[in-house]
>>> print(open('upload_33.txt').read())   # compact mmCIF, C-alpha atoms
# COMPACT_ATOMS: atom_id res chain seq x y z
CA MET A 8 10.79 -16.61 7.06
CA PHE A 9 7.26 -17.78 7.81
CA ARG A 10 4.74 -17.02 5.10
CA HIS A 11 1.03 -17.48 5.34
CA PRO A 12 -0.41 -19.30 2.29
CA MET A 13 -1.91 -16.81 -0.11
CA LYS A 14 -5.00 -17.75 -2.05
CA ILE A 15 -6.77 -15.88 -4.80
CA ILE A 16 -10.35 -16.78 -5.60
CA LEU A 17 -10.33 -17.42 -9.32
CA ALA A 18 -13.27 -16.88 -11.57
CA LEU A 19 -14.26 -19.73 -13.85
CA ALA A 20 -11.12 -20.37 -15.90
CA LEU A 21 -11.64 -19.77 -19.62
CA PRO A 22 -10.08 -22.11 -22.14
CA LEU A 23 -6.98 -20.86 -23.85
CA ALA A 24 -8.93 -20.67 -27.10
CA LEU A 25 -11.25 -18.08 -25.61
CA PHE A 26 -8.29 -16.02 -24.40
CA GLY A 27 -7.06 -16.12 -28.00
CA VAL A 28 -10.46 -14.88 -29.20
CA ALA A 29 -10.36 -12.05 -26.68
CA GLN A 30 -6.85 -11.11 -27.77
CA ALA A 31 -7.75 -11.27 -31.44
CA SER A 32 -10.81 -9.13 -30.80
CA ALA A 33 -8.70 -6.60 -28.93
CA ALA A 34 -6.22 -6.54 -31.81
CA ALA A 35 -9.05 -5.75 -34.23
CA ALA A 36 -9.78 -2.50 -32.42
CA PRO A 37 -6.66 -0.31 -32.08
CA GLY A 38 -5.64 0.18 -28.48
CA LEU A 39 -2.73 -0.71 -26.27
CA ARG A 40 0.02 -2.95 -27.61
CA LEU A 41 2.96 -4.41 -25.68
CA GLN A 42 6.50 -4.76 -26.94
CA TYR A 43 9.13 -6.81 -25.10
CA LYS A 44 12.78 -7.68 -25.16
CA ASN A 45 14.96 -9.64 -22.75
CA SER A 46 18.19 -8.33 -21.26
CA SER A 47 18.95 -11.65 -19.51
CA THR A 48 18.20 -14.52 -21.89
CA GLY A 49 19.80 -17.47 -20.09
CA ALA A 50 17.62 -20.46 -19.27
CA THR A 51 18.71 -20.00 -15.64
CA THR A 52 19.60 -16.67 -14.10
CA ALA A 53 20.18 -14.85 -10.84
CA GLN A 54 18.03 -11.97 -12.10
CA ALA A 55 15.34 -11.83 -14.77
CA GLU A 56 15.29 -8.64 -16.84
CA PRO A 57 12.11 -8.19 -18.88
CA TRP A 58 12.01 -4.83 -20.67
CA PHE A 59 8.74 -3.42 -22.02
CA LYS A 60 7.30 -0.65 -24.14
CA LEU A 61 3.59 0.12 -24.13
CA VAL A 62 2.27 1.54 -27.41
CA ASN A 63 -1.02 3.42 -27.75
CA ASP A 64 -2.46 2.64 -31.19
CA GLY A 65 -5.81 4.19 -30.24
CA SER A 66 -7.21 7.65 -30.81
CA SER A 67 -7.54 8.70 -27.14
CA PRO A 68 -5.01 9.24 -24.34
CA VAL A 69 -4.78 6.40 -21.82
CA PRO A 70 -4.24 7.16 -18.09
CA LEU A 71 -1.40 4.85 -17.11
CA SER A 72 -2.87 4.42 -13.62
CA GLN A 73 -5.56 2.27 -15.33
CA VAL A 74 -2.99 -0.05 -16.95
CA LYS A 75 -1.47 -3.29 -15.63
CA ILE A 76 1.12 -5.50 -17.37
CA ARG A 77 1.21 -9.13 -16.25
CA TYR A 78 4.32 -11.28 -16.75
CA TYR A 79 3.52 -14.93 -15.95
CA LEU A 80 5.94 -17.18 -14.05
CA THR A 81 6.15 -20.84 -13.11
CA GLY A 82 6.89 -21.60 -9.45
CA SER A 83 5.88 -20.17 -6.10
CA GLU A 84 9.23 -18.78 -4.88
CA SER A 85 9.34 -15.33 -3.26
CA TYR A 86 10.68 -12.66 -5.60
CA ARG A 87 11.56 -9.00 -5.31
CA PHE A 88 10.91 -6.42 -8.02
CA ALA A 89 13.02 -3.46 -9.10
CA CYS A 90 12.87 -0.83 -11.80
CA SER A 91 16.37 -0.12 -13.15
CA TRP A 92 15.36 2.73 -15.43
CA ALA A 93 12.22 4.01 -17.13
CA VAL A 94 11.51 6.90 -19.44
CA VAL A 95 8.32 7.58 -17.45
CA GLY A 96 10.33 7.52 -14.20
CA CYS A 97 10.86 4.53 -11.93
CA SER A 98 9.12 6.42 -9.12
CA THR A 99 5.84 5.95 -11.04
CA VAL A 100 6.34 2.22 -11.73
CA THR A 101 5.11 -0.46 -9.30
CA GLY A 102 5.61 -4.22 -9.27
CA THR A 103 3.68 -6.80 -7.27
CA PHE A 104 3.86 -10.62 -7.37
CA VAL A 105 0.44 -12.26 -7.25
CA PRO A 106 0.14 -16.01 -6.53
CA LEU A 107 -2.02 -18.31 -8.63
CA THR A 108 -3.16 -21.86 -8.03
CA GLY A 109 -1.00 -24.73 -9.27
CA GLY A 110 2.33 -23.29 -8.15
CA ARG A 111 2.28 -20.30 -10.50
CA GLN A 112 2.25 -16.53 -10.14
CA TYR A 113 2.53 -13.34 -12.14
CA LEU A 114 4.41 -10.09 -11.81
CA GLU A 115 1.92 -7.24 -12.16
CA VAL A 116 3.52 -3.99 -13.28
CA GLY A 117 1.50 -0.82 -12.75
CA PHE A 118 1.83 2.95 -12.80
CA THR A 119 0.94 5.57 -10.20
CA SER A 120 0.59 8.45 -12.67
CA GLY A 121 1.09 9.57 -16.23
CA SER A 122 -0.82 9.46 -19.51
CA LEU A 123 0.00 7.78 -22.83
CA ALA A 124 -0.98 9.93 -25.81
CA PRO A 125 -2.38 8.46 -29.06
CA GLY A 126 0.44 7.19 -31.26
CA ALA A 127 2.97 7.42 -28.43
CA ASN A 128 4.80 4.80 -26.42
CA THR A 129 6.18 4.77 -22.90
CA GLY A 130 9.77 4.29 -23.98
CA ASP A 131 11.93 1.80 -22.11
CA LEU A 132 10.64 0.15 -18.96
CA GLN A 133 13.84 -1.57 -17.84
CA LEU A 134 12.60 -3.96 -15.16
CA ARG A 135 14.14 -6.80 -13.19
CA PHE A 136 13.28 -9.27 -10.47
CA TYR A 137 15.21 -11.75 -8.39
CA ARG A 138 14.56 -14.36 -5.74
CA ALA A 139 14.34 -13.03 -2.19
CA ASP A 140 17.13 -15.47 -1.18
CA TRP A 141 19.24 -14.51 -4.23
CA GLN A 142 19.37 -18.09 -5.50
CA THR A 143 19.48 -18.70 -9.25
CA PHE A 144 16.25 -19.88 -10.83
CA THR A 145 14.97 -21.32 -14.10
CA GLN A 146 13.11 -18.79 -16.23
CA SER A 147 12.91 -20.65 -19.55
CA ASP A 148 9.72 -22.44 -18.42
CA ASP A 149 7.91 -19.18 -17.62
CA HIS A 150 4.91 -18.51 -19.87
CA SER A 151 6.02 -14.93 -20.60
CA PHE A 152 9.72 -15.69 -21.15
CA GLY A 153 11.29 -14.92 -24.54
CA VAL A 154 14.82 -14.73 -25.91
CA GLN A 155 14.59 -11.78 -28.34
CA THR A 156 17.04 -8.97 -27.60
CA ALA A 157 15.28 -6.32 -29.72
CA TYR A 158 11.81 -4.93 -29.08
CA ALA A 159 8.97 -6.76 -30.81
CA ASP A 160 5.25 -7.25 -30.17
CA TRP A 161 4.77 -9.87 -27.45
CA THR A 162 1.48 -11.59 -26.62
CA LYS A 163 2.78 -13.95 -23.91
CA ALA A 164 2.60 -11.06 -21.44
CA ALA A 165 -0.85 -9.53 -20.95
CA VAL A 166 -2.06 -5.94 -20.67
CA PHE A 167 -5.17 -5.02 -18.69
CA GLN A 168 -6.86 -1.63 -18.89
CA GLY A 169 -9.47 -0.77 -16.29
CA GLY A 170 -9.50 -4.43 -15.26
CA SER A 171 -10.20 -5.77 -18.78
CA LEU A 172 -7.80 -7.76 -20.95
CA VAL A 173 -6.81 -5.63 -23.96
CA TRP A 174 -3.63 -7.36 -25.17
CA GLY A 175 -1.94 -10.72 -24.89
CA VAL A 176 -2.78 -14.32 -24.08
CA PRO A 177 -2.53 -15.31 -20.41
CA PRO A 178 -1.90 -18.98 -19.67
CA THR A 179 -4.91 -21.23 -19.20
CA GLY A 180 -6.42 -20.49 -15.81
CA GLY A 181 -4.84 -17.03 -15.60
CA SER A 182 -6.45 -14.97 -12.86
CA PRO A 183 -8.80 -12.19 -13.94
CA SER A 184 -8.43 -8.70 -12.56
CA PRO A 185 -9.39 -8.63 -8.87
CA SER A 186 -12.94 -7.60 -8.15
CA PRO A 187 -13.53 -4.62 -5.86
CA THR A 188 -16.57 -6.40 -4.44
CA VAL A 189 -15.53 -8.37 -1.36
CA THR A 190 -17.83 -10.83 0.35
CA PRO A 191 -17.52 -10.76 4.16
CA THR A 192 -15.55 -13.79 5.30
CA GLY A 193 -13.78 -15.09 8.35
CA ASN A 194 -14.92 -15.21 11.93
CA PRO A 195 -17.72 -12.75 12.85
CA GLY A 196 -17.29 -13.90 16.46
CA GLY A 197 -13.62 -12.95 16.58
CA GLY A 198 -12.16 -10.20 18.73
CA LYS A 199 -13.17 -6.58 18.15
CA LEU A 200 -11.63 -3.22 18.98
CA PHE A 201 -13.70 -0.03 18.99
CA ASP A 202 -12.83 3.32 20.53
CA ASP A 203 -14.57 6.66 20.05
CA PHE A 204 -11.83 8.52 21.96
CA SER A 205 -13.88 9.87 24.85
CA TYR A 206 -10.89 10.88 26.99
CA THR A 207 -10.07 13.98 29.02
CA GLY A 208 -6.53 14.40 27.72
CA SER A 209 -3.23 12.66 27.01
CA GLY A 210 -2.79 12.05 30.76
CA ASP A 211 -6.14 10.26 31.17
CA PRO A 212 -5.28 6.96 32.95
CA ARG A 213 -7.92 5.14 30.89
CA LEU A 214 -5.69 5.44 27.82
CA ALA A 215 -3.07 3.12 29.29
CA GLN A 216 -5.74 0.90 30.85
CA ARG A 217 -7.32 0.45 27.43
CA GLY A 218 -4.05 -0.31 25.67
CA TRP A 219 -3.00 3.06 24.21
CA THR A 220 0.39 4.78 24.37
CA VAL A 221 0.88 8.50 23.76
CA ARG A 222 4.38 8.83 22.34
CA SER A 223 6.98 10.89 24.17
CA SER A 224 10.17 9.10 23.06
CA SER A 225 12.57 10.57 20.50
CA GLY A 226 13.50 9.22 17.09
CA GLY A 227 12.07 8.87 13.60
CA PRO A 228 10.24 9.33 11.46
CA GLY A 229 10.47 13.02 10.77
CA VAL A 230 12.77 15.96 11.28
CA PRO A 231 16.03 15.19 13.16
CA GLY A 232 15.94 16.72 16.63
CA ALA A 233 12.14 16.93 16.76
CA THR A 234 10.28 15.88 19.90
CA TRP A 235 7.15 13.76 20.18
CA SER A 236 4.95 15.61 22.63
CA PRO A 237 1.94 14.25 24.56
CA ALA A 238 0.85 17.89 24.97
CA GLY A 239 -0.06 17.91 21.28
CA VAL A 240 -2.44 14.94 21.74
CA THR A 241 -5.85 16.11 22.95
CA PHE A 242 -9.45 14.83 22.87
CA PRO A 243 -11.86 17.75 22.26
CA ASN A 244 -15.52 16.73 21.95
CA GLY A 245 -14.67 13.02 21.77
CA LEU A 246 -12.15 13.36 18.93
CA LEU A 247 -8.51 12.29 18.91
CA GLN A 248 -6.65 15.44 17.89
CA LEU A 249 -2.99 15.49 16.84
CA GLU A 250 -1.47 18.98 16.61
CA SER A 251 2.09 19.16 15.29
CA SER A 252 4.05 22.38 15.02
CA THR A 253 7.41 23.86 14.08
CA ASN A 254 9.32 27.12 14.18
CA GLY A 255 11.63 26.04 11.36
CA THR A 256 14.22 24.29 13.55
CA GLY A 257 14.58 20.68 14.58
CA SER A 258 14.57 21.51 18.28
CA GLY A 259 11.49 23.68 17.79
CA THR A 260 9.54 20.95 15.97
CA VAL A 261 6.82 18.99 17.80
CA GLN A 262 5.33 15.82 16.29
CA THR A 263 2.47 13.70 17.66
CA GLU A 264 1.52 10.01 17.82
CA LEU A 265 -0.99 7.66 19.44
CA SER A 266 -0.33 3.91 19.26
CA THR A 267 -1.77 0.71 20.65
CA SER A 268 0.51 -0.69 23.35
CA ASN A 269 0.21 -4.33 22.31
CA ARG A 270 1.21 -5.82 18.96
CA LYS A 271 -1.81 -8.08 18.68
CA PHE A 272 -3.46 -7.08 15.40
CA PHE A 273 -2.91 -9.15 12.28
CA GLU A 274 -5.43 -10.43 9.75
CA GLY A 275 -8.87 -8.88 9.62
CA THR A 276 -10.32 -5.42 9.00
CA TYR A 277 -8.96 -2.08 10.22
CA ALA A 278 -10.98 1.13 9.95
CA ALA A 279 -10.97 4.74 11.14
CA ARG A 280 -12.76 8.00 10.38
CA VAL A 281 -10.08 10.64 9.89
CA ASN A 282 -10.17 14.39 9.24
CA PHE A 283 -7.22 15.48 7.08
CA SER A 284 -6.33 19.15 6.73
CA ASP A 285 -4.64 21.06 3.92
CA ALA A 286 -3.95 24.32 5.76
CA PRO A 287 -2.29 24.98 9.12
CA VAL A 288 -4.44 26.10 12.03
CA SER A 289 -1.91 28.89 12.61
CA GLY A 290 1.08 30.37 10.81
CA PRO A 291 2.15 30.17 7.15
CA ASP A 292 1.40 27.11 5.00
CA GLY A 293 3.79 25.03 2.90
CA GLU A 294 5.33 22.44 5.23
CA HIS A 295 5.75 18.85 4.07
CA ILE A 296 3.54 17.29 6.75
CA VAL A 297 2.40 13.63 6.84
CA GLN A 298 -1.01 12.73 8.32
CA THR A 299 -1.58 9.01 8.86
CA PHE A 300 -3.55 5.92 9.85
CA PHE A 301 -1.48 2.74 9.70
CA THR A 302 -0.39 -0.60 11.16
CA ILE A 303 3.24 -1.53 11.78
CA THR A 304 5.67 -4.18 13.02
CA PRO A 305 9.03 -2.99 14.44
CA LEU A 306 12.17 -3.28 12.33
CA GLN A 307 14.57 -5.45 14.35
CA GLN A 308 17.45 -5.23 11.85
CA ASN A 309 18.20 -3.86 8.40
CA MET A 310 15.97 -5.57 5.80
CA ASP A 311 14.20 -7.46 8.57
CA PRO A 312 12.09 -10.10 6.76
CA ASN A 313 9.43 -10.01 9.50
CA TYR A 314 8.85 -6.27 9.24
CA GLY A 315 5.45 -5.13 8.00
CA GLU A 316 3.61 -1.84 7.56
CA LEU A 317 0.28 -0.90 5.96
CA ASP A 318 -0.19 2.85 5.52
CA PHE A 319 -2.69 5.49 4.66
CA GLU A 320 -0.51 8.63 4.38
CA TYR A 321 -1.79 12.04 3.28
CA LEU A 322 0.69 14.75 2.27
CA PRO A 323 -1.34 17.98 1.86
CA ASN A 324 1.64 19.96 0.55
CA GLY A 325 3.47 17.14 -1.16
CA GLY A 326 6.93 15.91 -0.26
CA TRP A 327 9.21 13.05 -1.31
CA GLY A 328 9.44 14.75 -4.72
CA GLU A 329 5.69 15.37 -5.05
CA PRO A 330 4.78 19.04 -5.62
CA SER A 331 1.27 19.09 -4.12
CA ALA A 332 -1.41 17.11 -2.28
CA ILE A 333 -1.19 13.32 -2.58
CA MET A 334 -2.71 10.34 -0.78
CA TYR A 335 -0.65 7.15 -0.52
CA ALA A 336 -1.71 3.61 0.36
CA THR A 337 1.59 1.80 0.90
CA SER A 338 2.36 -1.82 1.80
CA TRP A 339 5.85 -2.66 3.05
CA GLU A 340 7.94 -5.80 2.93
CA THR A 341 11.04 -4.30 4.63
CA TYR A 342 13.64 -1.51 4.49
CA GLN A 343 16.96 -0.26 5.78
CA ALA A 344 17.57 3.32 6.86
CA ASP A 345 21.24 3.87 5.96
CA PRO A 346 21.86 3.71 3.10
CA TRP A 347 18.16 3.98 2.36
CA GLN A 348 16.67 0.94 0.68
CA ALA A 349 12.94 0.25 0.65
CA VAL A 350 10.95 -2.77 -0.49
CA ASN A 351 7.36 -1.57 -0.77
CA THR A 352 4.54 -0.96 -3.19
CA HIS A 353 1.99 1.83 -3.24
CA THR A 354 -1.13 3.28 -4.82
CA ALA A 355 -1.50 7.06 -4.97
CA GLU A 356 -3.97 9.77 -5.97
CA ARG A 357 -2.89 13.37 -6.51
CA VAL A 358 -5.81 15.43 -5.28
CA SER A 359 -6.83 17.18 -2.07
CA PHE A 360 -8.35 14.94 0.59
CA ALA A 361 -9.04 17.71 3.10
CA GLY A 362 -12.02 16.84 5.31
CA TRP A 363 -13.50 13.73 6.90
CA HIS A 364 -12.91 10.33 5.28
CA ASP A 365 -13.70 6.71 6.14
CA LEU A 366 -10.56 4.57 5.77
CA VAL A 367 -10.67 0.76 5.69
CA ILE A 368 -7.86 -1.78 5.32
CA GLN A 369 -8.74 -5.44 4.78
CA VAL A 370 -5.97 -8.00 5.39
CA SER A 371 -6.94 -11.53 4.39
CA GLY A 372 -5.88 -14.47 2.22
CA GLY A 373 -2.66 -12.91 0.97
CA THR A 374 -4.32 -9.69 -0.22
CA ILE A 375 -4.40 -6.19 1.30
CA ARG A 376 -7.25 -3.98 0.16
CA TYR A 377 -7.41 -0.26 0.93
CA TYR A 378 -10.81 1.48 0.79
CA LEU A 379 -11.41 5.22 0.94
CA ASP A 380 -15.00 6.37 1.51
CA GLY A 381 -16.30 2.98 0.42
CA ARG A 382 -14.43 2.68 -2.88
CA LEU A 383 -11.50 0.40 -3.55
CA PHE A 384 -8.44 2.67 -3.49
CA GLY A 385 -5.60 0.12 -3.75
CA GLU A 386 -4.92 -3.61 -3.70
CA HIS A 387 -1.57 -5.22 -2.89
CA GLY A 388 -0.26 -8.71 -2.13
CA GLY A 389 2.69 -11.02 -2.67
CA ILE A 390 5.76 -10.26 -0.57
CA TYR A 391 4.08 -7.12 0.82
CA TYR A 392 1.56 -9.13 2.83
CA PRO A 393 2.37 -8.88 6.56
CA GLU A 394 3.87 -11.86 8.40
CA THR A 395 3.55 -10.90 12.08
CA PRO A 396 1.15 -9.04 14.43
CA MET A 397 1.18 -5.25 14.29
CA TRP A 398 0.40 -2.10 16.26
CA ILE A 399 -2.33 0.32 15.17
CA MET A 400 -1.10 3.94 15.00
CA PHE A 401 -2.02 7.49 14.12
CA ASN A 402 0.70 10.13 13.80
CA GLN A 403 1.45 13.52 12.24
CA TRP A 404 5.05 14.44 11.40
CA PHE A 405 7.23 16.64 9.20
CA ILE A 406 9.28 15.16 6.33
CA ASP A 407 11.55 18.24 6.30
CA LEU A 408 11.34 21.96 7.00
CA GLN A 409 10.77 24.68 4.41
CA GLY A 410 12.70 27.50 6.07
CA SER A 411 10.19 29.90 7.60
CA THR A 412 10.88 30.89 11.21
CA THR A 413 7.27 31.88 11.89
CA PRO A 414 5.64 29.26 14.14
CA ARG A 415 2.98 27.17 12.36
CA ALA A 416 0.83 24.24 13.45
CA TYR A 417 -1.10 21.51 11.61
CA ARG A 418 -3.98 19.43 12.91
CA GLN A 419 -5.30 15.91 12.21
CA GLN A 420 -8.41 14.50 13.90
CA VAL A 421 -9.83 10.98 14.33
CA ASP A 422 -13.47 10.29 15.22
CA TRP A 423 -13.20 6.54 15.93
CA VAL A 424 -11.14 3.41 15.25
CA TYR A 425 -12.39 -0.14 14.64
CA HIS A 426 -10.79 -3.57 14.13
CA ALA A 427 -12.42 -6.96 13.46
CA GLN A 428 -10.02 -9.83 14.04
CA ASN A 429 -9.81 -12.50 11.30
CA GLU A 430 -12.84 -11.10 9.48
CA VAL A 431 -13.25 -9.28 6.17
CA VAL A 432 -15.84 -6.56 6.79
CA ALA A 433 -17.20 -4.46 3.92
CA PRO A 434 -16.84 -0.67 4.42
CA ALA A 435 -20.61 -0.14 4.67
CA GLU A 436 -20.87 -2.86 7.32
CA VAL A 437 -18.06 -1.20 9.31
CA LEU A 438 -20.10 2.01 9.44
CA SER A 439 -23.19 0.05 10.49
CA ARG A 440 -21.31 -1.60 13.37
CA VAL A 441 -19.87 1.72 14.53
CA ALA A 442 -23.35 3.26 14.45
CA ALA A 443 -24.63 0.35 16.57
CA TYR A 444 -21.91 0.93 19.18
CA ARG A 445 -22.85 4.59 19.40
CA ALA A 446 -26.57 3.90 19.50
CA SER A 447 -25.96 1.75 22.57
CA SER A 448 -23.65 4.40 24.12
CA THR A 449 -20.68 2.02 23.87
CA ALA A 450 -17.53 4.13 23.96
CA PHE A 451 -14.92 1.37 24.06
CA VAL A 452 -14.64 -2.36 23.31
CA ASP A 453 -11.54 -4.55 23.16
CA THR A 454 -12.00 -8.31 22.93
CA VAL A 455 -8.88 -8.94 20.81
CA PRO A 456 -6.71 -11.31 22.90
CA ASN A 457 -3.40 -9.95 24.13
CA PRO A 458 -0.29 -11.83 22.96
>>> encode(input="upload_33.txt", output="structure tokens")
Amino acid sequence: MFRHPMKIILALALPLALFGVAQASAAAAPGLRLQYKNSSTGATTAQAEPWFKLVNDGSSPVPLSQVKIRYYLTGSESYRFACSWAVVGCSTVTGTFVPLTGGRQYLEVGFTSGSLAPGANTGDLQLRFYRADWQTFTQSDDHSFGVQTAYADWTKAAVFQGGSLVWGVPPTGGSPSPSPTVTPTGNPGGGKLFDDFSYTGSGDPRLAQRGWTVRSSSGGPGVPGATWSPAGVTFPNGLLQLESSTNGTGSGTVQTELSTSNRKFFEGTYAARVNFSDAPVSGPDGEHIVQTFFTITPLQQNMDPNYGELDFEYLPNGGWGEPSAIMYATSWETYQADPWQAVNTHTAERVSFAGWHDLVIQVSGGTIRYYLDGRLFGEHGGIYYPETPMWIMFNQWFIDLQGSTTPRAYRQQVDWVYHAQNEVVAPAEVLSRVAAYRASSTAFVDTVPNP
């Protein structure tokens, strides 16, 4: 499988002695402490099994979403992460492999939710990882490797809170926490896509001429038996509007999608201004609806290694086990549908995002950064970095149906979409470029070469 080289810009590497000073200083002030044991202690193994407990020795609760555990490895092989069992719930535990210079990397373990009370610990985090090709590998030369089979304090794995080192001693040259400040890079003269959706309707011939497809084919995602209807895709007042509806049956469910026709978008910056809604425009509320802006590569086979998907997904009424509103930024390596198996990582916030929002995805140098209204929302990399060109899509679909037979309809709107090929563009600069297009009455631009 072809992989683009992934580079992380490292800050000035501190000597190991200074890391020791930082760790000793952190130990002087009670805070987070990491305990570790190994469930697979062989020098070589088919699957590493580091188990952790986080302990809060401080006097204040710690939001787990602010905490990262880094387990340092030797070698640049591709690995896959799994959570076997966790007291806090594996659904809240994430794992991402981040490359370092010199043929090294680290597994960064994070949390999507939860809080650790003073004096409490997380309980078992039974984690494992294995090579993507399932070959055995040497783990005894990994910086964070240990052979103890009972929990004990462990400083060879590091803990970061809010981006700052609070426990442990990373190896010399260990990468600091990524900075949310991104300097524009790449090719400012590369291809651009901009569309402000000034169309008359889903049958406007300019849509196809400009490389858009309004979906009418059947299939997933969503409720079995649902249709994808062009009639639900409209353009009132220069907005893309997706209206999806249901009467409680699969055959009476209508979902909506607009997609680019060509898979020609890869590295660079993706952006859109999207209006998410919490309540239906008609009928009773409560459906598990998904409102999206994303890029995607088709799945050619189960666990296709060339599959890729980068998602903003808003669930105003929850779903997938979530009880209420949640925003996901999800990066995919691959999946299979039956039986379901997914290889992805995500960042989530559990709060209402009803209203207009500026969404930006930067794809460059092995790192995917998701911005929401100008702030860094999530950052992913490693095996989740895309390998092949993608489509750009917007869709609105139902995860399942909640039983009411009264017709109800939900609405998502998009003001504009923008892409800069092979260029990292800061969110504020994206808005400036869009404003310049509109000031010059430019409704559409596409200079991204077709494949």
>>> axis_aligned_box(input="upload_33.txt", around="range 414-428 of chain A", padding_each_side="6 Å", output="lines of an AutoDock Vina configuration file")
center_x = -3.9
center_y = 9.7
center_z = 13.8
size_x = 31.1
size_y = 51.1
size_z = 16.3
>>> closest_residue(input="upload_33.txt", among="A:Gln428, A:Arg111, A:Thr449, A:Glu264", to="Gly196 in chain A", atoms="all atoms listed in the file")
A:Gln428
>>> closest_residue(input="upload_33.txt", among="A:Val100, A:Phe167, A:Phe118, A:Leu132", to="Phe59 in chain A", atoms="all atoms listed in the file")
A:Leu132
>>> atom_distance(input="upload_33.txt", atom1="CA of Val370 in chain A", atom2="CA of Pro458 in chain A")
18.9 Å
>>> closest_residue(input="upload_33.txt", among="A:Ala238, A:Ala124, A:Ala165, A:Leu114", to="Pro70 in chain A", atoms="all atoms listed in the file")
A:Ala124
>>> closest_residue(input="upload_33.txt", among="A:Asn194, A:Ser83, A:Ser371, A:Gln216", to="Pro106 in chain A", atoms="all atoms listed in the file")
A:Ser83
>>> residues_around(input="upload_33.txt", residues="Gly227 in chain A", least_positions_apart="5", cutoff="12 Å", atoms="all atoms listed in the file", output="VMD selection string")
chain A and resid 222 232 to 235 262 to 264 344 402 to 407
>>> atom_distance(input="upload_33.txt", atom1="CA of Gly410 in chain A", atom2="CA of Thr260 in chain A")
12.3 Å
>>> residues_near_point(input="upload_33.txt", point="(-16.8, -9.3, 9.7)", cutoff="6 Å", atoms="only C-alpha atoms", output="ChimeraX atom specification")
/A:191,195,430-432
>>> write_last_selection(input="upload_33.txt", atoms="C-alpha atoms", output="PDB file, in the coordinates of the input")
ATOM      1  CA  PRO A 191     -17.520 -10.760   4.160  1.00  0.00           C
ATOM      2  CA  PRO A 195     -17.720 -12.750  12.850  1.00  0.00           C
ATOM      3  CA  GLU A 430     -12.840 -11.100   9.480  1.00  0.00           C
ATOM      4  CA  VAL A 431     -13.250  -9.280   6.170  1.00  0.00           C
ATOM      5  CA  VAL A 432     -15.840  -6.560   6.790  1.00  0.00           C
TER       6      VAL A 432
END
>>> atom_distance(input="upload_33.txt", atom1="CA of Thr119 in chain A", atom2="CA of Gly328 in chain A")
13.7 Å
>>> residues_near_point(input="upload_33.txt", point="(11.5, -8.9, -27.9)", cutoff="12 Å", atoms="all atoms listed in the file", output="list in words")
Leu41, Gln42, Tyr43, Lys44, Asn45, Ser46, Ser47, Thr48, Glu56, Pro57, Trp58, Phe59, Lys60, Ser151, Phe152, Gly153, Val154, Gln155, Thr156, Ala157, Tyr158, Ala159, Asp160, Trp161, Thr162, Lys163 and Ala164 of chain A
>>> closest_residue(input="upload_33.txt", among="A:Gly102, A:Gly208, A:Pro330, A:Pro396", to="Phe272 in chain A", atoms="only C-alpha atoms")
A:Pro396
>>> closest_residue(input="upload_33.txt", among="A:Ala427, A:Leu379, A:Val240, A:Val94", to="Phe273 in chain A", atoms="only C-alpha atoms")
A:Ala427
>>> residues_around(input="upload_33.txt", residues="Tyr314 in chain A", least_positions_apart="5", cutoff="10 Å", atoms="all atoms listed in the file", output="MDAnalysis selection string")
chainID A and resid 303:309 339:342 391 393:397
>>> residues_around(input="upload_33.txt", residues="Leu39 in chain A", least_positions_apart="5", cutoff="10 Å", atoms="only C-alpha atoms", output="PyMOL selection string")
chain A and resi 33-34+61-65+69+74+123+125-126+128+166-168+173-174
>>> residues_around(input="upload_33.txt", residues="Gln298 in chain A", least_positions_apart="6", cutoff="12 Å", atoms="only C-alpha atoms", output="number ranges by chain")
A: 229, 248-251, 262-264, 281-285, 318-325, 332-335, 360-361, 400-406, 417-421
